[in-house]
Every structure is written in C-alpha cells, then in structure tokens.
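> Below is the file structure.tsv, with TSV, C-alpha atoms.
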```
chain	number	residue	atom	x	y	z
A	1	MET	CA	0.00	0.00	0.00
A	2	LYS	CA	1.20	3.48	-0.87
A	3	LEU	CA	2.52	5.32	2.17
A	4	LEU	CA	0.86	8.70	2.59
A	5	THR	CA	1.89	11.40	5.04
A	6	ASP	CA	-0.73	13.08	7.20
A	7	GLU	CA	-0.36	16.21	5.07
A	8	GLU	CA	-0.98	14.24	1.87
A	9	ILE	CA	-3.99	12.51	3.42
A	10	GLN	CA	-5.50	15.82	4.50
A	11	PHE	CA	-4.80	17.32	1.09
A	12	LEU	CA	-6.45	14.39	-0.69
A	13	ILE	CA	-9.53	14.58	1.53
A	14	SER	CA	-9.97	18.32	1.18
A	15	CYS	CA	-8.78	19.04	-2.37
A	16	PRO	CA	-11.54	20.31	-4.72
A	17	LYS	CA	-13.22	17.39	-6.44
A	18	VAL	CA	-15.85	16.82	-9.09
A	19	ILE	CA	-18.19	13.90	-9.61
A	20	ILE	CA	-17.27	12.18	-12.88
A	21	THR	CA	-19.47	9.09	-12.55
A	22	PRO	CA	-22.65	10.09	-10.75
A	23	PRO	CA	-24.46	8.04	-8.13
A	24	LYS	CA	-27.65	6.21	-8.99
A	25	THR	CA	-30.78	8.22	-8.31
A	26	LYS	CA	-31.94	5.60	-5.81
A	27	MET	CA	-29.94	3.38	-3.49
A	28	ALA	CA	-30.07	-0.30	-4.42
A	29	LEU	CA	-30.98	-2.94	-1.85
A	30	THR	CA	-28.79	-6.01	-1.94
A	31	GLN	CA	-27.67	-8.59	0.60
A	32	GLY	CA	-29.19	-6.77	3.53
A	33	HIS	CA	-27.98	-3.26	2.84
A	34	TYR	CA	-28.78	-0.26	0.66
A	35	ARG	CA	-25.89	0.90	-1.46
A	36	ASN	CA	-24.79	3.58	-3.82
A	37	GLY	CA	-21.50	4.90	-5.13
A	38	MET	CA	-19.85	7.43	-7.39
A	39	GLU	CA	-16.50	8.25	-8.93
A	40	LEU	CA	-14.66	11.50	-8.31
A	41	SER	CA	-11.69	13.26	-9.76
A	42	SER	CA	-9.71	16.09	-8.23
A	43	GLU	CA	-10.60	19.31	-10.02
A	44	ASP	CA	-7.14	19.39	-11.64
A	45	GLY	CA	-7.62	15.83	-12.90
A	46	GLU	CA	-4.58	14.54	-11.01
A	47	HIS	CA	-6.28	12.24	-8.51
A	48	ARG	CA	-9.06	9.68	-8.71
A	49	PHE	CA	-11.42	8.66	-5.92
A	50	THR	CA	-14.49	6.53	-5.39
A	51	VAL	CA	-17.21	6.99	-2.81
A	52	PHE	CA	-19.21	4.14	-1.29
A	53	MET	CA	-22.45	4.65	0.61
A	54	ARG	CA	-24.08	1.91	2.66
A	55	ILE	CA	-27.09	1.71	4.97
A	56	ASN	CA	-28.06	-1.47	6.79
A	57	GLU	CA	-31.57	-2.58	5.85
A	58	VAL	CA	-32.73	-3.44	9.38
A	59	PHE	CA	-30.80	-0.89	11.43
A	60	GLN	CA	-30.74	2.28	9.39
A	61	GLU	CA	-28.58	4.06	11.94
A	62	ASN	CA	-25.85	1.64	10.88
A	63	PHE	CA	-24.39	3.37	7.84
A	64	THR	CA	-21.11	4.37	6.33
A	65	ILE	CA	-20.05	6.87	3.68
A	66	GLY	CA	-16.49	6.31	2.57
A	67	LEU	CA	-13.88	8.02	0.40
A	68	ARG	CA	-11.41	5.72	-1.32
A	69	TYR	CA	-8.29	7.04	-3.07
A	70	HIS	CA	-6.90	5.28	-6.16
A	71	PRO	CA	-3.23	6.24	-6.59
A	72	ALA	CA	-2.18	6.49	-10.24
A	73	ASN	CA	0.73	4.09	-10.11
A	74	ASP	CA	-0.40	1.70	-7.42
A	75	PRO	CA	-3.08	-0.94	-7.91
A	76	GLU	CA	-3.96	-0.88	-4.22
A	77	SER	CA	-6.45	1.77	-3.22
A	78	ILE	CA	-6.69	3.39	0.21
A	79	ILE	CA	-9.73	4.34	2.27
A	80	LEU	CA	-9.13	7.90	3.46
A	81	LEU	CA	-12.35	8.63	5.29
A	82	ARG	CA	-15.49	6.92	6.54
A	83	CYS	CA	-18.40	8.62	8.23
A	84	ASN	CA	-20.17	6.02	10.34
A	85	GLY	CA	-23.27	5.68	12.39
A	86	PRO	CA	-23.30	4.25	15.92
A	87	HIS	CA	-23.33	0.63	14.83
A	88	GLY	CA	-21.35	-0.69	17.76
A	89	GLU	CA	-18.28	-0.14	19.80
A	90	HIS	CA	-15.06	1.08	18.22
A	91	ARG	CA	-11.65	0.30	19.63
A	92	GLY	CA	-8.75	2.61	18.81
A	93	PRO	CA	-5.80	1.02	17.02
A	94	LEU	CA	-3.20	2.65	19.25
A	95	ASP	CA	-4.92	1.28	22.24
A	96	SER	CA	-2.68	2.46	25.03
A	97	GLN	CA	-5.43	4.98	25.82
A	98	ASN	CA	-8.05	2.28	25.71
A	99	ASN	CA	-10.00	4.45	23.33
A	100	HIS	CA	-13.40	2.76	23.17
A	101	PHE	CA	-16.65	4.46	22.28
A	102	TRP	CA	-20.11	3.74	20.92
A	103	SER	CA	-21.51	6.64	18.93
A	104	TYR	CA	-21.42	8.38	15.56
A	105	HIS	CA	-17.80	8.40	14.51
A	106	ILE	CA	-15.45	9.26	11.67
A	107	HIS	CA	-12.71	6.92	10.53
A	108	SER	CA	-9.78	8.59	8.84
A	109	ALA	CA	-6.44	7.47	7.48
A	110	ARG	CA	-3.34	8.30	9.49
A	111	GLU	CA	0.28	8.02	8.46
A	112	ILE	CA	1.23	6.24	11.69
A	113	ILE	CA	-1.50	3.65	11.15
A	114	ILE	CA	-0.44	2.95	7.55
A	115	ARG	CA	3.20	2.67	8.66
A	116	GLN	CA	2.21	0.02	11.18
A	117	GLY	CA	0.54	-2.05	8.46
A	118	LEU	CA	-2.92	-1.59	9.96
A	119	ARG	CA	-6.07	-0.79	8.01
A	120	SER	CA	-5.54	2.76	6.77
A	121	GLU	CA	-8.76	4.04	8.32
A	122	ALA	CA	-8.49	2.16	11.61
A	123	TYR	CA	-8.26	5.43	13.52
A	124	ALA	CA	-11.64	6.89	14.46
A	125	GLU	CA	-13.01	9.76	16.49
A	126	GLU	CA	-16.47	10.43	17.84
A	127	THR	CA	-18.30	13.20	16.07
A	128	ASP	CA	-21.21	15.56	16.67
A	129	LYS	CA	-21.25	16.71	13.03
A	130	TYR	CA	-24.25	14.56	12.16
A	131	SER	CA	-26.86	12.34	13.74
A	132	ASN	CA	-28.41	10.56	10.77
A	133	TYR	CA	-27.47	9.40	7.28
A	134	ASN	CA	-28.62	12.47	5.38
A	135	ASP	CA	-26.72	14.86	7.63
A	136	ALA	CA	-23.68	12.59	7.41
A	137	LEU	CA	-23.89	12.69	3.62
A	138	SER	CA	-24.21	16.46	3.64
A	139	PHE	CA	-21.21	16.73	5.95
A	140	PHE	CA	-19.21	14.28	3.81
A	141	LEU	CA	-19.90	16.13	0.55
A	142	ARG	CA	-18.78	19.41	2.05
A	143	TYR	CA	-15.83	18.00	3.99
A	144	CYS	CA	-14.49	16.27	0.87
A	145	ASN	CA	-14.98	19.49	-1.10
A	146	ILE	CA	-17.09	17.98	-3.88
A	147	LYS	CA	-17.83	20.99	-6.04
A	148	ASN	CA	-20.68	19.73	-8.17
A	149	ALA	CA	-22.41	17.77	-5.38
A	150	ASP	CA	-25.51	19.98	-5.46
A	151	LYS	CA	-26.22	18.76	-8.99
A	152	TYR	CA	-26.64	15.18	-7.80
A	153	PHE	CA	-27.65	15.74	-4.16
A	154	PRO	CA	-29.75	18.92	-4.27
A	155	ASN	CA	-31.94	18.04	-1.30
A	156	THR	CA	-29.03	16.87	0.80
A	157	ILE	CA	-26.97	19.99	0.32
A	158	GLN	CA	-29.81	22.52	0.55
A	159	GLY	CA	-31.65	20.76	3.32
A	160	ASN	CA	-28.92	21.11	5.89
A	161	LEU	CA	-29.50	24.05	8.19
A	162	PHE	CA	-26.44	23.55	10.30
A	163	ASN	CA	-23.53	24.16	7.98
A	164	GLU	CA	-20.16	24.25	9.69
B	165	MET	CA	-33.29	-13.74	28.45
B	166	GLU	CA	-31.79	-16.14	30.95
B	167	ALA	CA	-29.43	-17.38	28.30
B	168	LEU	CA	-27.73	-13.98	28.15
B	169	GLN	CA	-26.95	-14.07	31.85
B	170	LEU	CA	-25.55	-17.58	31.49
B	171	LEU	CA	-23.43	-16.50	28.53
B	172	LYS	CA	-22.11	-13.53	30.47
B	173	GLU	CA	-21.11	-15.81	33.32
B	174	GLN	CA	-19.39	-18.19	30.92
B	175	PHE	CA	-17.37	-15.27	29.55
B	176	ASN	CA	-16.43	-14.38	33.13
B	177	LYS	CA	-18.46	-11.16	32.77
B	178	LYS	CA	-16.09	-9.89	30.06
B	179	ILE	CA	-19.00	-9.38	27.68
B	180	ASP	CA	-22.19	-7.39	27.86
B	181	PHE	CA	-25.34	-6.78	25.84
B	182	ARG	CA	-27.16	-3.77	24.46
B	183	GLU	CA	-30.81	-3.99	23.50
B	184	LYS	CA	-30.66	-2.78	19.89
B	185	ARG	CA	-34.39	-3.23	19.33
B	186	LYS	CA	-37.02	-4.86	21.47
B	187	GLY	CA	-35.93	-8.47	21.92
B	188	ILE	CA	-32.74	-8.01	19.85
B	189	TYR	CA	-29.53	-7.83	21.87
B	190	GLN	CA	-26.16	-6.82	20.49
B	191	LEU	CA	-23.19	-8.57	22.02
B	192	VAL	CA	-20.52	-6.23	23.34
B	193	GLY	CA	-17.35	-8.24	23.53
B	194	PRO	CA	-13.70	-8.36	22.48
B	195	PHE	CA	-14.42	-9.25	18.88
B	196	TYR	CA	-13.20	-6.62	16.44
B	197	HIS	CA	-12.78	-6.02	12.73
B	198	GLU	CA	-9.38	-4.88	11.48
B	199	ASP	CA	-10.58	-1.27	11.36
B	200	GLY	CA	-11.36	-1.36	15.08
B	201	ASP	CA	-15.13	-1.60	14.66
B	202	MET	CA	-16.74	-4.26	16.78
B	203	MET	CA	-18.08	-7.31	15.01
B	204	ASP	CA	-21.85	-7.22	14.80
B	205	ILE	CA	-23.26	-10.17	16.70
B	206	PHE	CA	-26.89	-10.13	17.74
B	207	LEU	CA	-28.95	-12.52	19.84
B	208	THR	CA	-32.67	-12.90	19.55
B	209	GLU	CA	-35.32	-15.56	19.81
B	210	SER	CA	-35.24	-17.87	16.80
B	211	PRO	CA	-38.21	-17.11	14.55
B	212	LEU	CA	-38.24	-20.73	13.42
B	213	GLN	CA	-37.64	-22.58	16.70
B	214	PRO	CA	-38.77	-20.50	19.69
B	215	ASP	CA	-36.90	-22.76	22.12
B	216	LYS	CA	-33.63	-21.74	20.48
B	217	ILE	CA	-31.58	-18.56	20.40
B	218	ARG	CA	-30.67	-17.04	17.05
B	219	LEU	CA	-27.15	-15.68	16.69
B	220	CYS	CA	-27.01	-13.41	13.65
B	221	ASP	CA	-25.46	-10.30	12.15
B	222	PHE	CA	-28.41	-8.72	10.29
B	223	GLY	CA	-26.25	-8.38	7.20
B	224	MET	CA	-23.61	-6.22	8.83
B	225	THR	CA	-20.66	-8.49	8.00
B	226	ILE	CA	-21.34	-8.48	4.25
B	227	MET	CA	-22.07	-4.77	4.38
B	228	HIS	CA	-18.74	-4.18	6.13
B	229	LEU	CA	-16.97	-6.41	3.60
B	230	SER	CA	-18.59	-4.44	0.76
B	231	TYR	CA	-16.51	-1.35	1.61
B	232	SER	CA	-13.61	-3.24	0.01
B	233	TYR	CA	-15.01	-6.28	-1.74
B	234	ASP	CA	-18.34	-7.19	-3.29
B	235	ILE	CA	-20.03	-10.57	-3.37
B	236	ASP	CA	-21.20	-9.97	-6.92
B	237	SER	CA	-20.64	-13.20	-8.80
B	238	PRO	CA	-21.79	-16.83	-8.41
B	239	ASN	CA	-18.18	-17.83	-7.75
B	240	ARG	CA	-17.77	-15.33	-4.91
B	241	GLU	CA	-21.15	-16.28	-3.52
B	242	GLY	CA	-20.09	-19.94	-3.61
B	243	ILE	CA	-16.94	-19.20	-1.60
B	244	LEU	CA	-18.94	-17.13	0.88
B	245	ASP	CA	-21.47	-19.91	1.38
B	246	LYS	CA	-18.72	-22.48	1.77
B	247	ILE	CA	-17.09	-20.46	4.55
B	248	ILE	CA	-20.45	-20.05	6.27
B	249	SER	CA	-21.63	-23.65	5.95
B	250	GLU	CA	-18.28	-25.13	7.00
B	251	HIS	CA	-18.75	-23.33	10.32
B	252	GLY	CA	-22.25	-24.76	10.73
B	253	LEU	CA	-23.99	-21.45	10.01
B	254	SER	CA	-26.52	-20.38	7.38
B	255	ARG	CA	-27.20	-17.31	5.28
B	256	ASN	CA	-30.46	-15.66	4.31
B	257	ASP	CA	-29.65	-12.98	1.73
B	258	GLY	CA	-27.15	-10.85	3.70
B	259	ASN	CA	-27.95	-12.20	7.14
B	260	ILE	CA	-25.57	-14.81	8.55
B	261	TYR	CA	-27.26	-16.77	11.33
B	262	VAL	CA	-27.48	-19.94	13.36
B	263	ASP	CA	-30.19	-21.17	15.73
B	264	VAL	CA	-28.72	-22.88	18.78
B	265	ASN	CA	-29.73	-24.27	22.13
B	266	ALA	CA	-28.92	-21.95	25.01
B	267	ASN	CA	-26.36	-24.38	26.43
B	268	LEU	CA	-24.34	-24.18	23.18
B	269	LEU	CA	-24.29	-20.40	22.92
B	270	TYR	CA	-20.80	-20.03	24.39
B	271	GLU	CA	-19.08	-22.14	21.75
B	272	TYR	CA	-21.23	-20.77	18.95
B	273	VAL	CA	-20.29	-17.19	19.79
B	274	PHE	CA	-16.68	-18.14	19.09
B	275	GLN	CA	-17.72	-20.04	15.98
B	276	PHE	CA	-19.72	-17.04	14.82
B	277	SER	CA	-16.88	-14.57	15.38
B	278	GLN	CA	-14.48	-16.87	13.52
B	279	THR	CA	-16.90	-17.00	10.61
B	280	ILE	CA	-17.18	-13.21	10.53
B	281	ALA	CA	-13.39	-12.96	10.53
B	282	LYS	CA	-13.13	-15.42	7.64
B	283	VAL	CA	-15.84	-13.74	5.60
B	284	SER	CA	-14.17	-10.39	6.23
B	285	SER	CA	-10.85	-11.80	5.00
B	286	MET	CA	-12.42	-12.29	1.56
B	287	GLN	CA	-11.25	-8.72	0.94
B	288	TYR	CA	-7.82	-10.23	0.25
B	289	PHE	CA	-9.24	-11.92	-2.85
B	290	LYS	CA	-9.31	-8.48	-4.46
B	291	ARG	CA	-7.87	-8.49	-7.92
B	292	GLU	CA	-5.15	-5.98	-7.08
B	293	VAL	CA	-3.98	-8.04	-4.11
B	294	VAL	CA	-3.99	-11.31	-6.04
B	295	ARG	CA	-2.38	-9.54	-8.97
B	296	SER	CA	0.46	-8.35	-6.76
B	297	LEU	CA	1.19	-12.00	-5.97
B	298	PHE	CA	1.83	-12.85	-9.63
B	299	TYR	CA	5.63	-12.68	-9.46
B	300	GLU	CA	5.67	-14.59	-6.17
B	301	GLN	CA	3.48	-17.33	-7.58
B	302	LEU	CA	5.58	-17.53	-10.73
B	303	SER	CA	8.82	-17.76	-8.72
B	304	GLU	CA	7.39	-20.39	-6.41
B	305	PHE	CA	6.33	-22.55	-9.35
B	306	ILE	CA	9.69	-22.21	-11.11
B	307	GLU	CA	11.76	-22.94	-8.04
B	308	VAL	CA	9.72	-25.99	-7.10
B	309	LYS	CA	8.51	-27.52	-10.36
B	310	LEU	CA	11.34	-26.52	-12.72
B	311	PHE	CA	14.11	-27.01	-10.20
B	312	SER	CA	15.75	-29.72	-12.32
B	313	TYR	CA	16.41	-27.15	-15.08
B	314	LYS	CA	18.63	-25.14	-12.71
B	315	PRO	CA	16.81	-21.81	-12.71
B	316	GLN	CA	18.91	-18.76	-11.84
B	317	ALA	CA	17.08	-15.60	-10.86
B	318	LYS	CA	17.93	-12.03	-11.92
B	319	VAL	CA	20.56	-12.70	-14.57
B	320	LEU	CA	22.32	-10.04	-16.68
B	321	PRO	CA	23.18	-11.63	-20.05
B	322	ILE	CA	25.10	-8.47	-21.08
B	323	SER	CA	27.10	-7.68	-17.99
B	324	ASP	CA	27.40	-3.94	-18.52
B	325	ARG	CA	23.70	-3.49	-19.33
B	326	ASP	CA	22.10	-3.87	-15.90
B	327	GLU	CA	18.81	-2.49	-17.19
B	328	LEU	CA	18.38	-5.61	-19.34
B	329	GLU	CA	17.68	-8.13	-16.61
B	330	VAL	CA	16.26	-11.60	-17.16
B	331	ASP	CA	13.90	-12.85	-14.45
B	332	TYR	CA	15.11	-16.47	-14.77
B	333	GLU	CA	17.80	-18.13	-16.82
B	334	PHE	CA	17.68	-21.87	-17.45
B	335	SER	CA	20.81	-23.61	-18.74
B	336	LEU	CA	19.87	-26.52	-20.94
B	337	ASP	CA	22.50	-28.69	-22.62
B	338	ARG	CA	22.73	-26.73	-25.86
B	339	LYS	CA	21.16	-23.38	-25.09
B	340	LYS	CA	19.98	-20.95	-22.51
B	341	ILE	CA	16.37	-20.04	-21.95
B	342	TYR	CA	15.54	-16.57	-20.66
B	343	LEU	CA	12.19	-16.28	-18.91
B	344	PHE	CA	10.33	-13.03	-18.27
B	345	GLY	CA	7.27	-12.65	-16.05
B	346	ILE	CA	4.96	-9.93	-17.39
B	347	LYS	CA	2.05	-8.39	-15.54
B	348	ASP	CA	1.79	-4.95	-17.09
B	349	PRO	CA	2.54	-3.00	-20.30
B	350	ALA	CA	5.75	-1.50	-18.87
B	351	LYS	CA	7.24	-4.94	-18.27
B	352	ALA	CA	6.06	-6.11	-21.69
B	353	ARG	CA	7.92	-3.22	-23.32
B	354	LEU	CA	11.09	-3.83	-21.29
B	355	THR	CA	10.97	-7.52	-22.24
B	356	THR	CA	10.57	-6.63	-25.91
B	357	ILE	CA	13.57	-4.28	-25.77
B	358	SER	CA	15.67	-6.80	-23.82
B	359	CYS	CA	15.04	-9.60	-26.31
B	360	LEU	CA	15.84	-7.37	-29.28
B	361	GLU	CA	19.09	-6.21	-27.62
B	362	PHE	CA	20.07	-9.82	-26.85
B	363	GLN	CA	19.40	-10.74	-30.48
B	364	MET	CA	21.51	-7.81	-31.70
B	365	ALA	CA	24.32	-8.96	-29.40
B	366	LYS	CA	23.98	-12.39	-31.05
B	367	LEU	CA	23.51	-14.21	-27.76
B	368	PRO	CA	22.46	-17.87	-28.18
B	369	PHE	CA	19.16	-18.05	-26.31
B	370	LYS	CA	15.47	-18.71	-26.52
B	371	SER	CA	13.03	-16.47	-24.71
B	372	ILE	CA	9.81	-17.19	-22.84
B	373	ALA	CA	7.24	-14.68	-21.68
B	374	VAL	CA	4.81	-15.72	-18.95
B	375	HIS	CA	1.94	-13.25	-18.83
B	376	GLU	CA	-0.31	-12.44	-15.95
B	377	ASP	CA	-2.99	-11.55	-18.50
B	378	PHE	CA	-1.90	-11.44	-22.14
B	379	ASP	CA	-5.32	-10.28	-23.35
B	380	GLY	CA	-5.20	-7.39	-20.89
B	381	LEU	CA	-2.20	-5.82	-22.62
B	382	PRO	CA	-2.74	-3.01	-25.14
B	383	ARG	CA	-2.92	-4.30	-28.73
B	384	LYS	CA	0.37	-2.70	-29.81
B	385	ASP	CA	2.22	-4.17	-26.82
B	386	ARG	CA	0.83	-7.60	-27.66
B	387	ALA	CA	2.00	-7.25	-31.25
B	388	ARG	CA	5.50	-6.03	-30.31
B	389	ILE	CA	6.18	-8.72	-27.73
B	390	THR	CA	4.80	-11.46	-29.97
B	391	SER	CA	7.30	-10.42	-32.59
B	392	ALA	CA	10.23	-10.30	-30.12
B	393	VAL	CA	9.95	-13.43	-27.94
B	394	ASP	CA	10.05	-17.09	-28.96
B	395	LYS	CA	7.36	-18.55	-26.74
B	396	GLN	CA	4.53	-17.04	-24.73
B	397	PHE	CA	2.23	-18.39	-22.06
B	398	THR	CA	-0.92	-16.31	-21.93
B	399	ASP	CA	-1.36	-16.59	-18.15
B	400	LEU	CA	0.06	-18.33	-15.13
B	401	ALA	CA	-2.37	-21.23	-15.37
B	402	ASP	CA	-1.23	-21.86	-18.96
B	403	PHE	CA	2.40	-21.83	-17.82
B	404	LYS	CA	1.76	-24.14	-14.89
B	405	GLN	CA	-0.07	-26.59	-17.12
B	406	ASN	CA	2.37	-26.66	-20.04
B	407	ALA	CA	5.79	-25.54	-18.77
B	408	LYS	CA	7.15	-28.98	-17.98
B	409	GLN	CA	6.27	-30.38	-21.40
B	410	TYR	CA	7.82	-27.33	-23.03
B	411	PHE	CA	11.06	-27.69	-21.10
B	412	GLU	CA	11.18	-31.44	-21.80
B	413	ARG	CA	10.94	-30.71	-25.53
B	414	GLU	CA	13.54	-27.95	-25.39
B	415	ALA	CA	15.94	-30.07	-23.36
B	416	VAL	CA	16.19	-32.72	-26.11
```
Will you turn the file into structure tokens for me?

Amino acid sequence: MKLLTDEEIQFLISCPKVIITPPKTKMALTQGHYRNGMELSSEDGEHRFTVFMRINEVFQENFTIGLRYHPANDPESIILLRCNGPHGEHRGPLDSQNNHFWSYHIHSAREIIIRQGLRSEAYAEETDKYSNYNDALSFFLRYCNIKNADKYFPNTIQGNLFNE
Amino acid sequence: MEALQLLKEQFNKKIDFREKRKGIYQLVGPFYHEDGDMMDIFLTESPLQPDKIRLCDFGMTIMHLSYSYDIDSPNREGILDKIISEHGLSRNDGNIYVDVNANLLYEYVFQFSQTIAKVSSMQYFKREVVRSLFYEQLSEFIEVKLFSYKPQAKVLPISDRDELEVDYEFSLDRKKIYLFGIKDPAKARLTTISCLEFQMAKLPFKSIAVHEDFDGLPRKDRARITSAVDKQFTDLADFKQNAKQYFEREAV
C-alpha cells in the first residue's frame, strides 16, 4: 500500500473534487444493505477517488459513507475517510489509551497507522457533526470538497440548516 | 433472556449486551474487525424454533466487507457460502445466522466470530492483491517444479547493461532459456527491448514470456512482444499446465 503522510492525506480529503461518474438516483438494496456509489476526480484531474455509501436494511442508523483514493501508479487503493453511524463499539488502534466508544464516529487514514501495516482508516473519532445518514452525507460532501455535489444531491446539500 | 446471563457468566463477565431493538440484543465483547469496529453479533429468539436462540449479524458483515469487496458473482457467492456452511452457520440474503440451544451459545459465539473474521478476510481476494502475488506465484512454481532445469534468478546476459535483466535463466544442454514474467505493459515493453538487444548482441538463447494476463495488454504491446519473444504463455495457469512439457521438448 502506498505510504501517505498526514499532510498528503489531508490534502487528498480536502482538495476540490468533481463527480465524474454520478451516483444512482436511488440506493439499491442487496444482501441486507442499501448501497450507492460514485466516482470522483480532483478538479485538476490529477487524482481519482471513489465513494461508497451503505445503509443497513434493518438498522438504518448503521451506515457508512467512505472516500477511497486510487493512486495512479499503485493498484492498491486506500480508504481515506469513513463517516459512520453508531453501529457498535469502536476500539482505537493505538490502544494504550483504551480508546473505546459507541456513537457516531469518523474513521480517517493516518500516516502512523499505515506505517504500522494496519487498516488505513483504523483510527476513528467520535463526532457531533451529524446524527443521521442524510446529515452525514451532507457533511461528507462538504468535507471532501465535492464541487458539483448539489447537482446530484440537491436536497441533501440545501436541506442542511447547520452548515459548519 | 436467561441465556444472556448464562453466557455472560461463561465469559467471566467480560461481555455485555445492548438492546438494539425490542428483543434483539447486540453482544458487546472483544471481537473486532481490522478497522477497530466491533463485530456485529446479535442474539434474539429464533423465529423458526422459539426454544432456540438465534445468533445473527443482520447483514452487517457483508455490508462491512462491501466497503472493500463485493459478493457480486456466483463464484464469490459460492466461496462465501462455503465459509459459512463449514462453520455450521446459514445465510439468508445478507444475514448470517445460526439457531442454537442456550447451552451451546458459548461455543457458537466463538464459531460465529471466527466466521465473521473469515468472511471479512475475503477482501484479500481483491484483484489488485492477487495480482500483486503474480511474481511470487511464478517464482514459487519455477523454483519448485522446474528445479531440475537449474533456474537462476535475476541474470544479466550483457554484464554492462544492468537495465536488461532476465527474471530467470535456465541452462539446458545446448542453449539458454531466458524467462520473463509480465504483468503490465511496462514490463512487456522492457521484455521486448531486452530480447531485441540480446538478439543484436547475437547471444544464443530462446526467450519465454509468462503473462499475468496477455489479453489485458494493449494491442500494440501484444504485437510487439509477440514479434520479439520465442514462446509465450498467456497466463500463469497456462504456464503451470504446459511448462514442464515445453522444457522437456527444449531439453532434447
């Protein structure tokens, strides 16, 4: 897996992006979860990303919205970010602090985690940025700086009253 | 549920439960995915056999797997079902489950968590991961199955041209065979150049290209390498199946 520094990770998450393969208009139900996805490119065309969106069919508070980075010269992609619902407990990877919690949380890639050979997004922090899937999606679209998101998610973007 | 209390005692009170919905309890225990998220294990009354407890995941394992890997072909579905059934569990669409007597819950919780771990490890079947093993698999086959032909790795036929490296050299009685493993267009082009340089230097050799996926190469690269090398195997399976016969013929 490509080693990314924390600065590169933050740049890749926040760089201006555009949707090049749009999501489906409706999430598809398969194997017990609703799913959707889309393909992004950085605005300068240098970097490619995919987004995956999942909601559990039975427990709709169990969801994730993830940003995956596809490096140009490396076949292995890297999950940079995942906005999750409170599906269960999370245990921190650098567990000296015994960092356990059970709430809405955001996974994000960290250089130290990648260096240790762990899952890139194993680090997670609790968040108060959202409390349901739609708010999480709105947060994700803004946080990842997706410029033409309002074209494909007009209700999500406009419907959020609590912009950062 | 009395069974929950019993299970907690059996785990020496190192586990707990959260009522996710009425009558559905999520197990809180030291069972984690690689990303630090807890495995999703739920206990509820079996809808089919009310005297039994149902252990299940409500589709969360496959959903979690789908962040990296999709069960989107009959072959993948077959592997998934094999993992599940070999652990004595069943699947209904996305939901992995087993109905057990209360006195067997303790061992089935372990069984269930092992199954989740195995299903989650299907992410390593990803094409890019398997693809990255191509050279390792090729080397392993050569060093084990073609050992008698004295393979030598990383050979420089023209000593002062270290950019023209042969992956394996085989010394047969009358000639040398240079073998190149090829998994991408860049390596195909380097192999083409190397073979042409060796020919210009009038080295006595025969060349073999073993492709990871010949059809996956761009058309021009396929044409160039076909013109430059003596023998090609279109993929690793082709090489594994026919290499010994080929070497036996060449050794005569």
> Given a cut-off of 6 Å, which residues of chain A touch chain B, counting all atoms listed in the file, written out as a PDB file with C-alpha atoms, keeping the file's coordinate frame?

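Output below, filename part.pdb:
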```
ATOM      1  CA  GLN A  31     -27.670  -8.590   0.600  1.00  0.00           C
ATOM      2  CA  GLY A  32     -29.190  -6.770   3.530  1.00  0.00           C
ATOM      3  CA  PRO A  75      -3.080  -0.940  -7.910  1.00  0.00           C
ATOM      4  CA  GLU A  76      -3.960  -0.880  -4.220  1.00  0.00           C
ATOM      5  CA  GLY A  88     -21.350  -0.690  17.760  1.00  0.00           C
ATOM      6  CA  GLU A  89     -18.280  -0.140  19.800  1.00  0.00           C
ATOM      7  CA  HIS A  90     -15.060   1.080  18.220  1.00  0.00           C
ATOM      8  CA  ARG A  91     -11.650   0.300  19.630  1.00  0.00           C
ATOM      9  CA  ARG A 119      -6.070  -0.790   8.010  1.00  0.00           C
ATOM     10  CA  ALA A 122      -8.490   2.160  11.610  1.00  0.00           C
TER      11      ALA A 122
END
```
> Find the residues around Thr50 (chain A) up to 12 Å (all atoms listed in the file counted), leave out those fewer than 4 positions away in its own chain, and share them as an MDAnalysis selection string.
(chainID A and resid 13 17:23 36:42 65:71 77:82 144 146) or (chainID B and resid 231:232)
> Would you be able to write out as a ChimeraX atom specification which residues have an atom within 12 Å of (-36.6, -0.1, 10.9) in the file's coordinates, counting all atoms listed in the file?
/A:55-62 /B:184-186,222
> Of the residues A:Arg110, A:Arg115, A:Lys151, A:His105, which is the one nearest to Glu7 (chain A), using only C-alpha atoms?
A:Arg110
> Which value, in Å to one decimal, gives the distance between CA of Ser210 (chain B) and CA of Val283 (chain B)?
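Spanning CA of Ser210 (chain B) to CA of Val283 (chain B) is a straight-line distance of 22.8 Å.
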> I'd like the neighbourhood of region 269-273 of chain B as a ChimeraX atom specification, where a residue qualifies if any of its atoms comes within 10 Å (using all atoms listed in the file), though same-chain residues fewer than 5 positions away should be ignored.
/B:167-168,170-175,191,195,205-207,216-220,251-253,262-264,278-279
> In Å, rounded to a single decimal, give me how far CA of Phe344 (chain B) is from CA of Asp394 (chain B).
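Answer for the CA of Asp394 (chain B) to CA of Phe344 (chain B) separation: 11.4 Å.
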